[in-house]
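I have placed the structure first, in the form of structure tokens, so that the comments after it can refer back to it.
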Amino acid sequence: MDLIYLDYNCFQRGFDDPKQIKIRLEALACEEIFKKAEEKTVKLVWSFIHEDENILCPFMERKMVVSRLSTLCKTRVGPNQKILQVAGNVQRQAKISAKDAIHLACAYYARSRYFLTCDDELIKKAQRLNLKMRIMNPVEYIREVEVL
């Protein structure tokens with residue numbers, strides 16, 4: 001069973017502008033991944049940085065939906081020194097934000113097989129790292145899994 005770490009933007013993708021085909025496809029892919037988690041064919045990770053981002057979200061409806069989706073995440077990751085150390089290294093090597101580095105470090109710490117994000121720039125930068133997990137867009141993940 002795949003262990004998947006979803007970037008926070010995957011939890012919120014369904015709220016973004018569906019007029020853009022890329023966003024519509026990503027929203028459908030994320031929805032499919034949540035369905036697979038409900039069916040217990042994949043396992044999702046929820047981390048302390050997800051929780052922080054959700055607390056800071058200014059939109060109550062989004063917060064509530066993400067809180068509900070978080071219950072599908074059976075693997076939980078809290079803050080610790082190892083994660084902060086990995087995040088610092090990732091941030092320096094990939095030249096990404098601290099928040100993105102913490103997400104990647106949490107996924108690495110949880111031994112996720114996949115890190116999925118809708119952020120194309122993050123994918124490009126993070127793929128250069130040797131984190132022993134596939135870093136890709138949710139649409140790419142669904143295409144790959146459906147083929148297998």
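In the structure tokens, the first chain shown is A, the next is B, and so on; residue numbers restart at 1 for each chain, and ligands run from 1 in the order shown.
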
>> Run DSSP on the backbone and tell me which residues of chain A come out as strand (DSSP E); list them as an NGL selection string.
In response: :A and (2-6 or 42-47 or 75-77 or 114-116 or 134-136)

Resulting file, chosen residues, C-alpha atoms, as a PDB file, in the first residue's frame:
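Dumped to selection-v7.pdb:
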```
ATOM      1  CA  ASP A   2       1.402   3.394  -1.013  1.00  0.00           C
ATOM      2  CA  LEU A   3       2.204   5.854   1.756  1.00  0.00           C
ATOM      3  CA  ILE A   4       1.466   9.318   0.351  1.00  0.00           C
ATOM      4  CA  TYR A   5       2.297  12.731   1.725  1.00  0.00           C
ATOM      5  CA  LEU A   6       0.085  15.425   0.203  1.00  0.00           C
ATOM      6  CA  VAL A  42      -3.523   4.140  -0.014  1.00  0.00           C
ATOM      7  CA  LYS A  43      -2.314   5.553   3.286  1.00  0.00           C
ATOM      8  CA  LEU A  44      -2.018   9.319   3.820  1.00  0.00           C
ATOM      9  CA  VAL A  45       0.260  11.310   6.120  1.00  0.00           C
ATOM     10  CA  TRP A  46      -0.788  14.337   8.213  1.00  0.00           C
ATOM     11  CA  SER A  47       1.881  16.471   9.858  1.00  0.00           C
ATOM     12  CA  THR A  75      -0.022   8.327   9.759  1.00  0.00           C
ATOM     13  CA  ARG A  76       0.686  11.357  11.951  1.00  0.00           C
ATOM     14  CA  VAL A  77       3.979  13.247  12.197  1.00  0.00           C
ATOM     15  CA  TYR A 114       5.243   9.697  -2.720  1.00  0.00           C
ATOM     16  CA  PHE A 115       5.197  13.433  -2.080  1.00  0.00           C
ATOM     17  CA  LEU A 116       2.412  15.039  -4.107  1.00  0.00           C
ATOM     18  CA  ARG A 134       8.794  10.170  -5.786  1.00  0.00           C
ATOM     19  CA  ILE A 135       7.936  13.864  -5.955  1.00  0.00           C
ATOM     20  CA  MET A 136       5.172  14.604  -8.426  1.00  0.00           C
TER      21      MET A 136
END
```

For segment 127-132 of chain A, please output as an mmCIF file with N, CA and C atoms, in the first residue's frame all residues within 9 Å (counting only C-alpha atoms; exclusion window: fewer than 6 positions along the same chain).
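Result file is selection02.cif:
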```
data_model
loop_
_atom_site.group_PDB
_atom_site.id
_atom_site.type_symbol
_atom_site.label_atom_id
_atom_site.label_comp_id
_atom_site.auth_asym_id
_atom_site.auth_seq_id
_atom_site.Cartn_x
_atom_site.Cartn_y
_atom_site.Cartn_z
ATOM 1 N N VAL A 90 17.326 20.538 3.375
ATOM 2 C CA VAL A 90 16.503 20.596 2.161
ATOM 3 C C VAL A 90 16.342 22.047 1.701
ATOM 4 N N GLN A 93 19.718 23.226 0.192
ATOM 5 C CA GLN A 93 20.075 22.546 -1.055
ATOM 6 C C GLN A 93 19.147 22.914 -2.207
ATOM 7 N N ALA A 94 17.850 22.940 -1.935
ATOM 8 C CA ALA A 94 16.872 23.152 -3.012
ATOM 9 C C ALA A 94 16.460 24.616 -3.167
ATOM 10 N N LEU A 104 8.502 18.556 3.050
ATOM 11 C CA LEU A 104 9.349 17.501 2.463
ATOM 12 C C LEU A 104 10.043 16.687 3.548
ATOM 13 N N ALA A 105 10.517 17.361 4.590
ATOM 14 C CA ALA A 105 11.193 16.653 5.688
ATOM 15 C C ALA A 105 10.220 15.737 6.428
ATOM 16 N N TYR A 108 9.676 12.704 4.255
ATOM 17 C CA TYR A 108 10.883 11.871 4.340
ATOM 18 C C TYR A 108 10.902 11.117 5.669
ATOM 19 N N ARG A 111 8.708 8.228 5.905
ATOM 20 C CA ARG A 111 9.064 7.226 4.896
ATOM 21 C C ARG A 111 7.982 7.089 3.820
ATOM 22 N N SER A 112 7.456 8.244 3.422
ATOM 23 C CA SER A 112 6.450 8.269 2.363
ATOM 24 C C SER A 112 7.080 7.789 1.058
ATOM 25 N N ARG A 113 6.299 7.077 0.310
ATOM 26 C CA ARG A 113 6.761 6.638 -1.013
ATOM 27 C C ARG A 113 6.583 7.757 -2.036
#
```

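Using only C-alpha atoms, the smallest distance between any of A:Tyr141, A:Phe48, A:Phe11, A:Phe59 and His103 of chain A comes from A:Phe48.
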
>> Could you tell me how far atom CA of Cys106 of chain A sits from atom CA of Pro79 of chain A, in Å to one decimal place?
In response: 8.4 Å

>> List the spatial neighbours of Glu26 of chain A as number ranges by chain - criterion: any atom at most 9 Å away, only C-alpha atoms, same-chain residues fewer than 4 positions off excluded.
In response: A: 10, 13-14, 21-22, 30-31, 118, 137-139

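Nearest-residue note for Asp16 of chain A: choosing from A:Met1, A:Ile49, A:Met64, A:Leu28, the minimum distance belongs to A:Leu28, counting only C-alpha atoms.
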
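The smallest atom-to-atom distance between Phe15 of chain A and any of A:Leu72, A:Ala87, A:Gln81, A:Ala27, using only C-alpha atoms, is found for A:Ala27.
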